[in-house]
file target10.pdb (PDB, C-alpha atoms and all ligand atoms)
ATOM      1  CA  MET A   1     -41.791  41.637  21.849
ATOM      2  CA  ASN A   2     -40.636  45.240  21.798
ATOM      3  CA  LEU A   3     -42.930  47.336  23.929
ATOM      4  CA  HIS A   4     -40.577  50.271  24.224
ATOM      5  CA  GLY A   5     -40.031  53.335  22.135
ATOM      6  CA  LYS A   6     -42.131  55.434  19.888
ATOM      7  CA  VAL A   7     -44.904  52.980  19.103
ATOM      8  CA  VAL A   8     -45.842  52.686  22.748
ATOM      9  CA  ARG A   9     -45.502  56.424  23.296
ATOM     10  CA  MET A  10     -47.807  57.198  20.413
ATOM     11  CA  SER A  11     -50.400  54.703  21.499
ATOM     12  CA  LEU A  12     -50.352  56.247  24.957
ATOM     13  CA  ILE A  13     -50.979  59.690  23.489
ATOM     14  CA  ASP A  14     -53.737  58.309  21.290
ATOM     15  CA  LYS A  15     -55.321  56.758  24.334
ATOM     16  CA  ILE A  16     -55.115  60.002  26.286
ATOM     17  CA  PHE A  17     -56.695  61.974  23.476
ATOM     18  CA  GLN A  18     -59.436  59.420  23.038
ATOM     19  CA  ASN A  19     -60.182  59.798  26.710
ATOM     20  CA  ILE A  20     -60.084  63.580  26.553
ATOM     21  CA  LYS A  21     -62.392  63.509  23.565
ATOM     22  CA  ARG A  22     -64.784  61.087  25.175
ATOM     23  CA  PHE A  23     -64.914  63.039  28.392
ATOM     24  CA  SER A  24     -65.135  66.430  26.750
ATOM     25  CA  GLU A  25     -68.080  65.266  24.703
ATOM     26  CA  ARG A  26     -69.827  64.761  27.995
ATOM     27  CA  GLN A  27     -68.564  68.191  29.050
ATOM     28  CA  SER A  28     -66.635  66.601  31.808
ATOM     29  CA  VAL A  29     -62.978  66.547  32.653
ATOM     30  CA  TYR A  30     -60.283  64.011  32.302
ATOM     31  CA  ALA A  31     -57.481  63.967  34.815
ATOM     32  CA  ILE A  32     -54.453  61.881  34.076
ATOM     33  CA  HIS A  33     -51.599  60.414  35.990
ATOM     34  CA  ASP A  34     -48.538  62.631  36.459
ATOM     35  CA  ASP A  35     -46.294  60.484  34.303
ATOM     36  CA  ASP A  36     -48.832  60.439  31.502
ATOM     37  CA  LEU A  37     -49.277  64.162  31.894
ATOM     38  CA  LEU A  38     -45.591  64.897  31.539
ATOM     39  CA  GLN A  39     -45.398  62.647  28.541
ATOM     40  CA  MET A  40     -48.389  64.272  26.929
ATOM     41  CA  LEU A  41     -47.088  67.782  27.557
ATOM     42  CA  ASN A  42     -43.871  66.705  25.957
ATOM     43  CA  GLU A  43     -45.618  65.280  22.908
ATOM     44  CA  LEU A  44     -47.658  68.466  22.548
ATOM     45  CA  ASN A  45     -44.508  70.579  22.882
ATOM     46  CA  LEU A  46     -46.067  72.308  25.862
ATOM     47  CA  THR A  47     -43.314  71.520  28.331
ATOM     48  CA  GLN A  48     -41.472  74.719  27.543
ATOM     49  CA  GLU A  49     -44.589  76.865  27.652
ATOM     50  CA  LEU A  50     -45.410  75.347  30.993
ATOM     51  CA  SER A  51     -41.948  76.017  32.404
ATOM     52  CA  GLU A  52     -42.082  79.582  31.097
ATOM     53  CA  GLY A  53     -45.417  80.194  32.806
ATOM     54  CA  LYS A  54     -47.296  80.727  29.565
ATOM     55  CA  ILE A  55     -50.112  78.331  30.351
ATOM     56  CA  LYS A  56     -52.940  79.816  32.390
ATOM     57  CA  CYS A  57     -55.799  78.269  34.284
ATOM     58  CA  SER A  58     -58.880  78.429  32.102
ATOM     59  CA  ASN A  59     -61.011  79.257  35.117
ATOM     60  CA  CYS A  60     -59.103  81.752  37.256
ATOM     61  CA  GLY A  61     -56.186  82.705  35.035
ATOM     62  CA  ALA A  62     -53.505  81.575  37.467
ATOM     63  CA  THR A  63     -50.250  80.443  35.944
ATOM     64  CA  ILE A  64     -50.241  76.690  35.572
ATOM     65  CA  THR A  65     -47.188  74.837  36.777
ATOM     66  CA  ILE A  66     -46.462  71.158  36.938
ATOM     67  CA  ASP A  67     -47.259  71.355  40.652
ATOM     68  CA  ASN A  68     -50.673  72.982  40.483
ATOM     69  CA  ILE A  69     -52.128  71.413  37.376
ATOM     70  CA  SER A  70     -55.297  69.588  38.278
ATOM     71  CA  SER A  71     -56.989  68.793  35.024
ATOM     72  CA  ILE A  72     -56.924  69.050  31.278
ATOM     73  CA  LEU A  73     -60.058  69.821  29.367
ATOM     74  CA  LYS A  74     -60.385  69.588  25.640
ATOM     75  CA  ASN A  75     -62.719  72.263  24.356
ATOM     76  CA  ASN A  76     -63.214  71.969  20.609
ATOM     77  CA  GLU A  77     -59.647  72.010  19.334
ATOM     78  CA  LYS A  78     -58.265  73.910  22.305
ATOM     79  CA  ILE A  79     -56.684  72.245  25.271
ATOM     80  CA  LEU A  80     -57.558  73.983  28.515
ATOM     81  CA  PHE A  81     -55.832  73.571  31.836
ATOM     82  CA  ASN A  82     -57.179  74.027  35.309
ATOM     83  CA  CYS A  83     -55.188  74.769  38.435
ATOM     84  CA  ASP A  84     -55.663  73.020  41.736
ATOM     85  CA  SER A  85     -57.349  75.811  43.659
ATOM     86  CA  LEU A  86     -60.506  74.617  45.363
ATOM     87  CA  ASP A  87     -62.602  76.913  43.221
ATOM     88  CA  CYS A  88     -61.277  75.502  39.978
ATOM     89  CA  ILE A  89     -61.433  71.909  41.116
ATOM     90  CA  GLN A  90     -65.055  72.341  42.132
ATOM     91  CA  LYS A  91     -65.849  74.194  38.953
ATOM     92  CA  LYS A  92     -64.665  71.410  36.727
ATOM     93  CA  VAL A  93     -67.033  68.841  38.188
ATOM     94  CA  SER A  94     -70.074  71.065  38.100
TER      95      SER A  94
HETATM   96 ZN    ZN B 101     -57.638  78.175  38.578
END

call {"tool": "encode", "arguments": {"input": "target10.pdb", "output": "structure tokens", "more": "lines below"}}
Ligand SMILES: [Zn+2]
result
Amino acid sequence: MNLHGKVVRMSLIDKIFQNIKRFSERQSVYAIHDDDLLQMLNELNLTQELSEGKIKCSNCGATITIDNISSILKNNEKILFNCDSLDCIQKKVS
């Protein structure tokens, strides 16, 4: 059985988006494992934007990096990122 390659990658992304959708419908936040995160950023072509500092925290406006990303929130069709400052972490669960 071939569990490697694109089929598995796509099903992972589908799973992540299902989770984001499910959680965002409850106006909550879905945090994912680092490896999944990197893979998702790659699939969304956001890796470059992230490395160029173009992604900002939706709460405080800080530049999001791979080190300070704490959560991803899907808001309608927009994907929002939160940084790991205490303020933003507390905000996302309220
Ligand atoms: Zn923030």

call {"tool": "closest_residue", "arguments": {"input": "target10.pdb", "among": "A:Ile55, A:Leu46, A:Ile69, A:Met40", "to": "A:Cys88", "atoms": "all atoms listed in the file"}}
result
A:Ile69

call {"tool": "resolve_selection", "arguments": {"input": "target10.pdb", "expression": "the PyMOL selection byres (((not hetatm)) within 7 of (chain B and resi 101))", "output": "ChimeraX atom specification"}}
result
/A:57-62,82-85,87-88

call {"tool": "residues_around", "arguments": {"input": "target10.pdb", "residues": "A:Thr65", "least_positions_apart": "6", "cutoff": "12 Å", "atoms": "only C-alpha atoms", "output": "JSON, numbers by chain"}}
result
{"A": [37, 38, 41, 46, 47, 48, 49, 50, 51, 52, 53, 54, 55, 56, 57, 71, 81, 82, 83, 84]}

call {"tool": "atom_distance", "arguments": {"input": "target10.pdb", "atom1": "atom CA of A:Leu86", "atom2": "atom CA of A:Ser70"}}
result
10.1 Å

call {"tool": "atom_distance", "arguments": {"input": "target10.pdb", "atom1": "atom CA of A:Leu80", "atom2": "atom CA of A:Ile64"}}
result
10.5 Å

call {"tool": "atom_distance", "arguments": {"input": "target10.pdb", "atom1": "atom CA of A:Lys91", "atom2": "atom CA of A:Asp36"}}
result
23.1 Å

call {"tool": "axis_aligned_box", "arguments": {"input": "target10.pdb", "around": "stretch 58-74 of chain A", "padding_each_side": "3 Å", "output": "JSON"}}
result
{"center_x": -53.7, "center_y": 75.7, "center_z": 33.1, "size_x": 20.5, "size_y": 19.9, "size_z": 21.0}
